[in-house]
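Novice: Next comes model.cif, mmCIF, N, CA and C atoms:
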```
data_protein
#
loop_
_atom_site.label_atom_id
_atom_site.label_comp_id
_atom_site.auth_asym_id
_atom_site.auth_seq_id
_atom_site.Cartn_x
_atom_site.Cartn_y
_atom_site.Cartn_z
N MET A 1 -56.55 37.45 -39.55
CA MET A 1 -55.21 37.09 -39.08
C MET A 1 -54.32 36.73 -40.26
N THR A 2 -53.06 37.12 -40.19
CA THR A 2 -52.12 36.84 -41.26
C THR A 2 -51.69 35.38 -41.21
N HIS A 3 -51.71 34.76 -42.35
CA HIS A 3 -51.33 33.36 -42.46
C HIS A 3 -49.83 33.21 -42.25
N PRO A 4 -49.38 32.16 -41.53
CA PRO A 4 -47.94 31.98 -41.26
C PRO A 4 -47.10 31.93 -42.54
N LYS A 5 -47.67 31.40 -43.62
CA LYS A 5 -46.93 31.33 -44.88
C LYS A 5 -46.64 32.75 -45.41
N ASN A 6 -47.59 33.66 -45.24
CA ASN A 6 -47.38 35.05 -45.66
C ASN A 6 -46.34 35.74 -44.79
N LEU A 7 -46.36 35.46 -43.50
CA LEU A 7 -45.36 36.03 -42.60
C LEU A 7 -43.96 35.56 -42.99
N PHE A 8 -43.85 34.28 -43.34
CA PHE A 8 -42.55 33.75 -43.77
C PHE A 8 -42.07 34.46 -45.02
N ARG A 9 -42.96 34.68 -46.00
CA ARG A 9 -42.58 35.36 -47.24
C ARG A 9 -42.12 36.79 -46.95
N ILE A 10 -42.82 37.48 -46.08
CA ILE A 10 -42.45 38.84 -45.73
C ILE A 10 -41.08 38.85 -45.05
N ALA A 11 -40.88 37.94 -44.09
CA ALA A 11 -39.59 37.85 -43.39
C ALA A 11 -38.46 37.51 -44.35
N ALA A 12 -38.72 36.64 -45.31
CA ALA A 12 -37.70 36.26 -46.29
C ALA A 12 -37.33 37.46 -47.17
N ARG A 13 -38.31 38.25 -47.56
CA ARG A 13 -38.03 39.43 -48.38
C ARG A 13 -37.23 40.48 -47.60
N VAL A 14 -37.60 40.68 -46.35
CA VAL A 14 -36.87 41.63 -45.50
C VAL A 14 -35.42 41.15 -45.33
N ALA A 15 -35.23 39.86 -45.08
CA ALA A 15 -33.88 39.31 -44.92
C ALA A 15 -33.08 39.47 -46.21
N LEU A 16 -33.72 39.28 -47.36
CA LEU A 16 -33.04 39.43 -48.64
C LEU A 16 -32.59 40.87 -48.86
N VAL A 17 -33.45 41.82 -48.55
CA VAL A 17 -33.10 43.24 -48.72
C VAL A 17 -31.96 43.63 -47.78
N LEU A 18 -32.07 43.23 -46.51
CA LEU A 18 -31.01 43.56 -45.54
C LEU A 18 -29.69 42.88 -45.89
N GLY A 19 -29.76 41.65 -46.35
CA GLY A 19 -28.55 40.94 -46.76
C GLY A 19 -27.89 41.60 -47.97
N GLY A 20 -28.71 42.03 -48.92
CA GLY A 20 -28.18 42.73 -50.09
C GLY A 20 -27.53 44.04 -49.72
N TRP A 21 -28.19 44.80 -48.84
CA TRP A 21 -27.63 46.08 -48.38
C TRP A 21 -26.30 45.85 -47.68
N THR A 22 -26.23 44.84 -46.82
CA THR A 22 -25.00 44.53 -46.11
C THR A 22 -23.88 44.16 -47.08
N ALA A 23 -24.20 43.35 -48.08
CA ALA A 23 -23.20 42.96 -49.06
C ALA A 23 -22.66 44.17 -49.82
N ILE A 24 -23.54 45.08 -50.17
CA ILE A 24 -23.12 46.29 -50.88
C ILE A 24 -22.21 47.14 -49.99
N MET A 25 -22.59 47.32 -48.73
CA MET A 25 -21.78 48.14 -47.80
C MET A 25 -20.39 47.54 -47.60
N LEU A 26 -20.30 46.21 -47.60
CA LEU A 26 -19.01 45.55 -47.42
C LEU A 26 -18.17 45.55 -48.70
N ALA A 27 -18.82 45.54 -49.85
CA ALA A 27 -18.10 45.48 -51.12
C ALA A 27 -17.65 46.85 -51.62
N MET A 28 -18.39 47.89 -51.32
CA MET A 28 -18.10 49.22 -51.87
C MET A 28 -16.68 49.73 -51.59
N PRO A 29 -16.10 49.50 -50.43
CA PRO A 29 -14.74 50.01 -50.21
C PRO A 29 -13.71 49.43 -51.19
N PHE A 30 -14.02 48.30 -51.81
CA PHE A 30 -13.07 47.66 -52.72
C PHE A 30 -13.25 48.12 -54.17
N VAL A 31 -14.26 48.97 -54.42
CA VAL A 31 -14.56 49.42 -55.78
C VAL A 31 -13.96 50.81 -55.99
N GLY A 32 -13.12 50.95 -56.99
CA GLY A 32 -12.53 52.25 -57.31
C GLY A 32 -11.47 52.66 -56.30
N SER A 33 -11.02 53.90 -56.46
CA SER A 33 -10.04 54.44 -55.52
C SER A 33 -10.51 55.81 -55.05
N ALA A 34 -9.82 56.37 -54.10
CA ALA A 34 -10.16 57.67 -53.50
C ALA A 34 -11.57 57.66 -52.92
N ARG A 35 -11.97 56.53 -52.39
CA ARG A 35 -13.28 56.40 -51.77
C ARG A 35 -13.14 56.58 -50.26
N GLN A 36 -14.08 57.29 -49.67
CA GLN A 36 -14.10 57.44 -48.22
C GLN A 36 -14.65 56.15 -47.62
N VAL A 37 -13.99 55.66 -46.58
CA VAL A 37 -14.43 54.45 -45.91
C VAL A 37 -14.63 54.72 -44.43
N ALA A 38 -15.40 53.87 -43.79
CA ALA A 38 -15.58 53.93 -42.34
C ALA A 38 -14.94 52.69 -41.75
N VAL A 39 -13.96 52.90 -40.89
CA VAL A 39 -13.31 51.80 -40.18
C VAL A 39 -14.05 51.67 -38.86
N VAL A 40 -14.80 50.60 -38.72
CA VAL A 40 -15.68 50.41 -37.57
C VAL A 40 -14.93 49.72 -36.45
N GLY A 41 -15.18 50.21 -35.23
CA GLY A 41 -14.60 49.57 -34.06
C GLY A 41 -13.74 50.51 -33.23
N ASP A 42 -12.84 49.91 -32.50
CA ASP A 42 -11.96 50.62 -31.58
C ASP A 42 -11.21 51.74 -32.28
N ARG A 43 -11.29 52.94 -31.73
CA ARG A 43 -10.69 54.13 -32.34
C ARG A 43 -9.17 54.00 -32.49
N ALA A 44 -8.49 53.57 -31.45
CA ALA A 44 -7.03 53.46 -31.51
C ALA A 44 -6.60 52.45 -32.56
N ARG A 45 -7.29 51.32 -32.60
CA ARG A 45 -6.98 50.29 -33.60
C ARG A 45 -7.21 50.84 -35.01
N ALA A 46 -8.32 51.57 -35.19
CA ALA A 46 -8.64 52.15 -36.50
C ALA A 46 -7.57 53.15 -36.93
N LEU A 47 -7.14 54.00 -36.00
CA LEU A 47 -6.13 55.00 -36.33
C LEU A 47 -4.81 54.35 -36.72
N ARG A 48 -4.42 53.28 -36.02
CA ARG A 48 -3.19 52.55 -36.37
C ARG A 48 -3.31 51.93 -37.75
N ALA A 49 -4.45 51.32 -38.05
CA ALA A 49 -4.65 50.67 -39.34
C ALA A 49 -4.63 51.70 -40.47
N ILE A 50 -5.28 52.84 -40.26
CA ILE A 50 -5.32 53.90 -41.28
C ILE A 50 -3.92 54.42 -41.56
N ALA A 51 -3.16 54.69 -40.51
CA ALA A 51 -1.79 55.20 -40.68
C ALA A 51 -0.92 54.17 -41.40
N ALA A 52 -1.01 52.91 -40.98
CA ALA A 52 -0.19 51.86 -41.59
C ALA A 52 -0.58 51.61 -43.04
N ALA A 53 -1.84 51.83 -43.39
CA ALA A 53 -2.31 51.61 -44.77
C ALA A 53 -2.07 52.81 -45.66
N GLY A 54 -1.55 53.90 -45.10
CA GLY A 54 -1.24 55.09 -45.89
C GLY A 54 -2.42 55.99 -46.16
N GLY A 55 -3.41 55.94 -45.29
CA GLY A 55 -4.59 56.79 -45.45
C GLY A 55 -4.56 58.00 -44.56
N SER A 56 -5.58 58.82 -44.70
CA SER A 56 -5.72 59.99 -43.84
C SER A 56 -7.10 59.98 -43.19
N VAL A 57 -7.15 60.45 -41.97
CA VAL A 57 -8.40 60.50 -41.21
C VAL A 57 -9.23 61.68 -41.70
N VAL A 58 -10.49 61.43 -42.00
CA VAL A 58 -11.41 62.47 -42.42
C VAL A 58 -12.19 62.98 -41.23
N GLU A 59 -12.68 62.04 -40.41
CA GLU A 59 -13.49 62.41 -39.24
C GLU A 59 -13.55 61.23 -38.29
N ILE A 60 -13.61 61.54 -37.01
CA ILE A 60 -13.75 60.51 -35.99
C ILE A 60 -15.17 60.60 -35.44
N ARG A 61 -15.87 59.48 -35.44
CA ARG A 61 -17.23 59.41 -34.92
C ARG A 61 -17.29 58.34 -33.84
N ASP A 62 -18.37 58.32 -33.10
CA ASP A 62 -18.55 57.29 -32.09
C ASP A 62 -18.73 55.94 -32.78
N GLY A 63 -17.77 55.06 -32.63
CA GLY A 63 -17.87 53.72 -33.20
C GLY A 63 -17.22 53.54 -34.55
N ALA A 64 -16.81 54.62 -35.20
CA ALA A 64 -16.17 54.49 -36.52
C ALA A 64 -15.26 55.68 -36.78
N THR A 65 -14.23 55.43 -37.56
CA THR A 65 -13.32 56.47 -37.99
C THR A 65 -13.38 56.53 -39.51
N LEU A 66 -13.70 57.70 -40.05
CA LEU A 66 -13.79 57.88 -41.49
C LEU A 66 -12.41 58.21 -42.03
N ALA A 67 -12.05 57.56 -43.14
CA ALA A 67 -10.72 57.72 -43.71
C ALA A 67 -10.79 57.73 -45.23
N ARG A 68 -9.69 58.19 -45.83
CA ARG A 68 -9.61 58.27 -47.29
C ARG A 68 -8.16 58.04 -47.70
N SER A 69 -8.01 57.47 -48.89
CA SER A 69 -6.68 57.33 -49.49
C SER A 69 -6.85 57.25 -51.00
N ASP A 70 -5.87 57.77 -51.73
CA ASP A 70 -5.86 57.66 -53.19
C ASP A 70 -5.21 56.37 -53.66
N LYS A 71 -4.65 55.61 -52.72
CA LYS A 71 -3.95 54.39 -53.08
C LYS A 71 -4.94 53.28 -53.43
N PRO A 72 -4.72 52.60 -54.56
CA PRO A 72 -5.55 51.44 -54.87
C PRO A 72 -5.37 50.37 -53.79
N GLY A 73 -6.40 49.66 -53.47
CA GLY A 73 -6.31 48.59 -52.48
C GLY A 73 -6.32 49.08 -51.04
N PHE A 74 -6.79 50.30 -50.81
CA PHE A 74 -6.78 50.87 -49.46
C PHE A 74 -7.58 50.01 -48.48
N ALA A 75 -8.77 49.56 -48.88
CA ALA A 75 -9.61 48.75 -47.98
C ALA A 75 -8.90 47.46 -47.60
N ALA A 76 -8.30 46.80 -48.56
CA ALA A 76 -7.56 45.56 -48.27
C ALA A 76 -6.39 45.84 -47.34
N ALA A 77 -5.71 46.98 -47.56
CA ALA A 77 -4.58 47.35 -46.69
C ALA A 77 -5.06 47.60 -45.27
N LEU A 78 -6.24 48.18 -45.12
CA LEU A 78 -6.78 48.40 -43.78
C LEU A 78 -6.99 47.08 -43.06
N TYR A 79 -7.57 46.11 -43.76
CA TYR A 79 -7.77 44.79 -43.15
C TYR A 79 -6.44 44.14 -42.80
N ARG A 80 -5.46 44.24 -43.70
CA ARG A 80 -4.14 43.65 -43.43
C ARG A 80 -3.48 44.28 -42.21
N ASN A 81 -3.82 45.55 -41.93
CA ASN A 81 -3.19 46.26 -40.82
C ASN A 81 -4.05 46.30 -39.57
N GLY A 82 -5.04 45.43 -39.48
CA GLY A 82 -5.76 45.25 -38.23
C GLY A 82 -7.17 45.78 -38.14
N ALA A 83 -7.71 46.38 -39.20
CA ALA A 83 -9.10 46.85 -39.15
C ALA A 83 -10.03 45.65 -39.06
N ARG A 84 -11.02 45.72 -38.19
CA ARG A 84 -11.95 44.62 -38.03
C ARG A 84 -13.06 44.65 -39.07
N LEU A 85 -13.54 45.87 -39.41
CA LEU A 85 -14.62 46.01 -40.37
C LEU A 85 -14.47 47.34 -41.10
N VAL A 86 -14.53 47.29 -42.43
CA VAL A 86 -14.43 48.47 -43.27
C VAL A 86 -15.68 48.51 -44.14
N ILE A 87 -16.43 49.62 -44.06
CA ILE A 87 -17.63 49.76 -44.88
C ILE A 87 -17.56 51.06 -45.67
N GLU A 88 -18.46 51.22 -46.61
CA GLU A 88 -18.54 52.43 -47.42
C GLU A 88 -18.72 53.61 -46.49
N GLY A 89 -17.95 54.65 -46.68
CA GLY A 89 -17.88 55.74 -45.71
C GLY A 89 -19.00 56.75 -45.72
N ARG A 90 -19.41 57.21 -46.88
CA ARG A 90 -20.43 58.27 -46.92
C ARG A 90 -21.77 57.77 -46.42
N ILE A 91 -22.14 56.58 -46.81
CA ILE A 91 -23.41 56.01 -46.34
C ILE A 91 -23.24 55.51 -44.91
N GLY A 92 -22.15 54.82 -44.65
CA GLY A 92 -21.90 54.27 -43.31
C GLY A 92 -21.78 55.33 -42.24
N ALA A 93 -21.31 56.52 -42.62
CA ALA A 93 -21.15 57.61 -41.63
C ALA A 93 -22.47 57.97 -40.98
N GLY A 94 -23.55 57.82 -41.72
CA GLY A 94 -24.87 58.13 -41.17
C GLY A 94 -25.29 57.20 -40.05
N CYS A 95 -24.62 56.06 -39.94
CA CYS A 95 -24.96 55.09 -38.89
C CYS A 95 -24.25 55.41 -37.57
N PHE A 96 -23.34 56.36 -37.58
CA PHE A 96 -22.54 56.66 -36.39
C PHE A 96 -22.66 58.14 -36.06
N SER A 97 -22.90 58.44 -34.79
CA SER A 97 -23.03 59.85 -34.39
C SER A 97 -21.66 60.51 -34.30
N SER A 98 -21.66 61.82 -34.53
CA SER A 98 -20.42 62.60 -34.42
C SER A 98 -19.95 62.64 -32.98
N SER A 99 -18.66 62.54 -32.81
CA SER A 99 -18.09 62.63 -31.46
C SER A 99 -18.14 64.08 -31.01
N PRO A 100 -18.43 64.32 -29.75
CA PRO A 100 -18.39 65.70 -29.26
C PRO A 100 -16.97 66.23 -29.29
N PRO A 101 -16.80 67.55 -29.48
CA PRO A 101 -15.44 68.11 -29.50
C PRO A 101 -14.72 67.89 -28.18
N ALA A 102 -13.43 67.65 -28.28
CA ALA A 102 -12.61 67.46 -27.07
C ALA A 102 -12.49 68.77 -26.31
N ARG A 103 -12.43 68.67 -25.00
CA ARG A 103 -12.30 69.86 -24.14
C ARG A 103 -10.92 69.97 -23.58
#
```
Can you dump the structure from the file as structure tokens?
Specialist:
Amino acid sequence: MTHPKNLFRIAARVALVLGGWTAIMLAMPFVGSARQVAVVGDRARALRAIAAAGGSVVEIRDGATLARSDKPGFAAALYRNGARLVIEGRIGAGCFSSSPPAR
């Protein structure tokens, strides 16, 4: 049987890795410019924030809208214009399935 102390160490390491990954995903949109980002949440809200921040929509997925802008500070502008969560787009896109084509 695994000792409780070992289980705690394993859980702490898993939490550390997941916390680090989350921090990277949240920080990446603020690094550099012309980076694709994923605006997570309500589609209409995301589209309004992207338009107001001067970005362009790359792709719409279930739960996130992928966007891009060459303007410095795009991620901060998205938050100022109502985006609830902005994460790194290329990696974050894998977390959201593609929306089926409209009929």
Novice: Please identify the helix (DSSP H, G or I) residues within chain A (assignment by DSSP from backbone atoms) and present them as a PyMOL selection string.
Specialist: chain A and resi 4-30+43-52+74-80+89-95
Novice: Where does the PyMOL selection byres ((chain A and resi 69-86) around 6.5) land in this file, that is, which residues does it pick, as a short mmCIF file (atom, residue, chain, number, x, y, z; two decimals) with N, CA and C atoms, in the coordinates of the input?
Specialist:
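After the write, part_14.cif holds the following:
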```cif
data_model
loop_
_atom_site.label_atom_id
_atom_site.label_comp_id
_atom_site.auth_asym_id
_atom_site.auth_seq_id
_atom_site.Cartn_x
_atom_site.Cartn_y
_atom_site.Cartn_z
N MET A 25 -22.59 47.32 -48.73
CA MET A 25 -21.78 48.14 -47.80
C MET A 25 -20.39 47.54 -47.60
N LEU A 26 -20.30 46.21 -47.60
CA LEU A 26 -19.01 45.55 -47.42
C LEU A 26 -18.17 45.55 -48.70
N PRO A 29 -16.10 49.50 -50.43
CA PRO A 29 -14.74 50.01 -50.21
C PRO A 29 -13.71 49.43 -51.19
N PHE A 30 -14.02 48.30 -51.81
CA PHE A 30 -13.07 47.66 -52.72
C PHE A 30 -13.25 48.12 -54.17
N GLY A 32 -13.12 50.95 -56.99
CA GLY A 32 -12.53 52.25 -57.31
C GLY A 32 -11.47 52.66 -56.30
N SER A 33 -11.02 53.90 -56.46
CA SER A 33 -10.04 54.44 -55.52
C SER A 33 -10.51 55.81 -55.05
N ALA A 34 -9.82 56.37 -54.10
CA ALA A 34 -10.16 57.67 -53.50
C ALA A 34 -11.57 57.66 -52.92
N ARG A 35 -11.97 56.53 -52.39
CA ARG A 35 -13.28 56.40 -51.77
C ARG A 35 -13.14 56.58 -50.26
N GLN A 36 -14.08 57.29 -49.67
CA GLN A 36 -14.10 57.44 -48.22
C GLN A 36 -14.65 56.15 -47.62
N VAL A 37 -13.99 55.66 -46.58
CA VAL A 37 -14.43 54.45 -45.91
C VAL A 37 -14.63 54.72 -44.43
N ALA A 38 -15.40 53.87 -43.79
CA ALA A 38 -15.58 53.93 -42.34
C ALA A 38 -14.94 52.69 -41.75
N VAL A 39 -13.96 52.90 -40.89
CA VAL A 39 -13.31 51.80 -40.18
C VAL A 39 -14.05 51.67 -38.86
N VAL A 40 -14.80 50.60 -38.72
CA VAL A 40 -15.68 50.41 -37.57
C VAL A 40 -14.93 49.72 -36.45
N GLY A 41 -15.18 50.21 -35.23
CA GLY A 41 -14.60 49.57 -34.06
C GLY A 41 -13.74 50.51 -33.23
N ARG A 45 -7.29 51.32 -32.60
CA ARG A 45 -6.98 50.29 -33.60
C ARG A 45 -7.21 50.84 -35.01
N ALA A 46 -8.32 51.57 -35.19
CA ALA A 46 -8.64 52.15 -36.50
C ALA A 46 -7.57 53.15 -36.93
N ARG A 48 -4.42 53.28 -36.02
CA ARG A 48 -3.19 52.55 -36.37
C ARG A 48 -3.31 51.93 -37.75
N ALA A 49 -4.45 51.32 -38.05
CA ALA A 49 -4.65 50.67 -39.34
C ALA A 49 -4.63 51.70 -40.47
N ILE A 50 -5.28 52.84 -40.26
CA ILE A 50 -5.32 53.90 -41.28
C ILE A 50 -3.92 54.42 -41.56
N ALA A 52 -1.01 52.91 -40.98
CA ALA A 52 -0.19 51.86 -41.59
C ALA A 52 -0.58 51.61 -43.04
N ALA A 53 -1.84 51.83 -43.39
CA ALA A 53 -2.31 51.61 -44.77
C ALA A 53 -2.07 52.81 -45.66
N GLY A 54 -1.55 53.90 -45.10
CA GLY A 54 -1.24 55.09 -45.89
C GLY A 54 -2.42 55.99 -46.16
N GLY A 55 -3.41 55.94 -45.29
CA GLY A 55 -4.59 56.79 -45.45
C GLY A 55 -4.56 58.00 -44.56
N SER A 56 -5.58 58.82 -44.70
CA SER A 56 -5.72 59.99 -43.84
C SER A 56 -7.10 59.98 -43.19
N ALA A 67 -12.05 57.56 -43.14
CA ALA A 67 -10.72 57.72 -43.71
C ALA A 67 -10.79 57.73 -45.23
N ARG A 68 -9.69 58.19 -45.83
CA ARG A 68 -9.61 58.27 -47.29
C ARG A 68 -8.16 58.04 -47.70
N ILE A 87 -16.43 49.62 -44.06
CA ILE A 87 -17.63 49.76 -44.88
C ILE A 87 -17.56 51.06 -45.67
N GLU A 88 -18.46 51.22 -46.61
CA GLU A 88 -18.54 52.43 -47.42
C GLU A 88 -18.72 53.61 -46.49
#
```
Novice: Interatomic distance between CA of Thr22 (chain A) and atom C of Leu47 (chain A)?
Specialist: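 According to the coordinates, CA of Thr22 (chain A) and atom C of Leu47 (chain A) are separated by 24.3 Å.
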Novice: Give me, as a PyMOL selection string, all polymer residues having an atom no more than 8 Å from region 58-60 of chain A, counting only C-alpha atoms and skipping those fewer than 5 positions away in the same chain.
Specialist: chain A and resi 43+65-68+98-99
Novice: Nearest to Val57 (chain A): which of A:Gly89, A:Gly19, A:Cys95, A:Ile10 is it, counting only C-alpha atoms?
Specialist: A:Gly89
Novice: In Å, with one decimal, what is the gap from atom C of Gly94 (chain A) to atom C of Ala64 (chain A)?
Specialist: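 We find that atom C of Gly94 (chain A) and atom C of Ala64 (chain A) lie 10.7 Å from each other.
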Novice: To one decimal place in Å, what is the distance between CA of Arg9 (chain A) and CA of Ala23 (chain A)?
Specialist: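 Separating CA of Arg9 (chain A) from CA of Ala23 (chain A) is a distance of 20.9 Å.
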Novice: What residues in chain A get the DSSP label strand (DSSP E)? Please answer as a PDB file with N, CA and C atoms, keeping the file's coordinate frame.
Specialist:
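Contents of result_34.pdb, as written:
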```pdb
ATOM      1  N   VAL A  37     -13.990  55.660 -46.580  1.00  0.00           N
ATOM      2  CA  VAL A  37     -14.430  54.450 -45.910  1.00  0.00           C
ATOM      3  C   VAL A  37     -14.630  54.720 -44.430  1.00  0.00           C
ATOM      4  N   ALA A  38     -15.400  53.870 -43.790  1.00  0.00           N
ATOM      5  CA  ALA A  38     -15.580  53.930 -42.340  1.00  0.00           C
ATOM      6  C   ALA A  38     -14.940  52.690 -41.750  1.00  0.00           C
ATOM      7  N   VAL A  39     -13.960  52.900 -40.890  1.00  0.00           N
ATOM      8  CA  VAL A  39     -13.310  51.800 -40.180  1.00  0.00           C
ATOM      9  C   VAL A  39     -14.050  51.670 -38.860  1.00  0.00           C
ATOM     10  N   VAL A  40     -14.800  50.600 -38.720  1.00  0.00           N
ATOM     11  CA  VAL A  40     -15.680  50.410 -37.570  1.00  0.00           C
ATOM     12  C   VAL A  40     -14.930  49.720 -36.450  1.00  0.00           C
ATOM     13  N   SER A  56      -5.580  58.820 -44.700  1.00  0.00           N
ATOM     14  CA  SER A  56      -5.720  59.990 -43.840  1.00  0.00           C
ATOM     15  C   SER A  56      -7.100  59.980 -43.190  1.00  0.00           C
ATOM     16  N   VAL A  57      -7.150  60.450 -41.970  1.00  0.00           N
ATOM     17  CA  VAL A  57      -8.400  60.500 -41.210  1.00  0.00           C
ATOM     18  C   VAL A  57      -9.230  61.680 -41.700  1.00  0.00           C
ATOM     19  N   VAL A  58     -10.490  61.430 -42.000  1.00  0.00           N
ATOM     20  CA  VAL A  58     -11.410  62.470 -42.420  1.00  0.00           C
ATOM     21  C   VAL A  58     -12.190  62.980 -41.230  1.00  0.00           C
ATOM     22  N   GLU A  59     -12.680  62.040 -40.410  1.00  0.00           N
ATOM     23  CA  GLU A  59     -13.490  62.410 -39.240  1.00  0.00           C
ATOM     24  C   GLU A  59     -13.550  61.230 -38.290  1.00  0.00           C
ATOM     25  N   ILE A  60     -13.610  61.540 -37.010  1.00  0.00           N
ATOM     26  CA  ILE A  60     -13.750  60.510 -35.990  1.00  0.00           C
ATOM     27  C   ILE A  60     -15.170  60.600 -35.440  1.00  0.00           C
ATOM     28  N   ARG A  61     -15.870  59.480 -35.440  1.00  0.00           N
ATOM     29  CA  ARG A  61     -17.230  59.410 -34.920  1.00  0.00           C
ATOM     30  C   ARG A  61     -17.290  58.340 -33.840  1.00  0.00           C
ATOM     31  N   ALA A  64     -16.810  54.620 -35.200  1.00  0.00           N
ATOM     32  CA  ALA A  64     -16.170  54.490 -36.520  1.00  0.00           C
ATOM     33  C   ALA A  64     -15.260  55.680 -36.780  1.00  0.00           C
ATOM     34  N   THR A  65     -14.230  55.430 -37.560  1.00  0.00           N
ATOM     35  CA  THR A  65     -13.320  56.470 -37.990  1.00  0.00           C
ATOM     36  C   THR A  65     -13.380  56.530 -39.510  1.00  0.00           C
ATOM     37  N   LEU A  66     -13.700  57.700 -40.050  1.00  0.00           N
ATOM     38  CA  LEU A  66     -13.790  57.880 -41.490  1.00  0.00           C
ATOM     39  C   LEU A  66     -12.410  58.210 -42.030  1.00  0.00           C
ATOM     40  N   ALA A  67     -12.050  57.560 -43.140  1.00  0.00           N
ATOM     41  CA  ALA A  67     -10.720  57.720 -43.710  1.00  0.00           C
ATOM     42  C   ALA A  67     -10.790  57.730 -45.230  1.00  0.00           C
ATOM     43  N   ARG A  68      -9.690  58.190 -45.830  1.00  0.00           N
ATOM     44  CA  ARG A  68      -9.610  58.270 -47.290  1.00  0.00           C
ATOM     45  C   ARG A  68      -8.160  58.040 -47.700  1.00  0.00           C
ATOM     46  N   LEU A  85     -13.540  45.870 -39.410  1.00  0.00           N
ATOM     47  CA  LEU A  85     -14.620  46.010 -40.370  1.00  0.00           C
ATOM     48  C   LEU A  85     -14.470  47.340 -41.100  1.00  0.00           C
ATOM     49  N   VAL A  86     -14.530  47.290 -42.430  1.00  0.00           N
ATOM     50  CA  VAL A  86     -14.430  48.470 -43.270  1.00  0.00           C
ATOM     51  C   VAL A  86     -15.680  48.510 -44.140  1.00  0.00           C
ATOM     52  N   ILE A  87     -16.430  49.620 -44.060  1.00  0.00           N
ATOM     53  CA  ILE A  87     -17.630  49.760 -44.880  1.00  0.00           C
ATOM     54  C   ILE A  87     -17.560  51.060 -45.670  1.00  0.00           C
ATOM     55  N   GLU A  88     -18.460  51.220 -46.610  1.00  0.00           N
ATOM     56  CA  GLU A  88     -18.540  52.430 -47.420  1.00  0.00           C
ATOM     57  C   GLU A  88     -18.720  53.610 -46.490  1.00  0.00           C
TER      58      GLU A  88
END
```
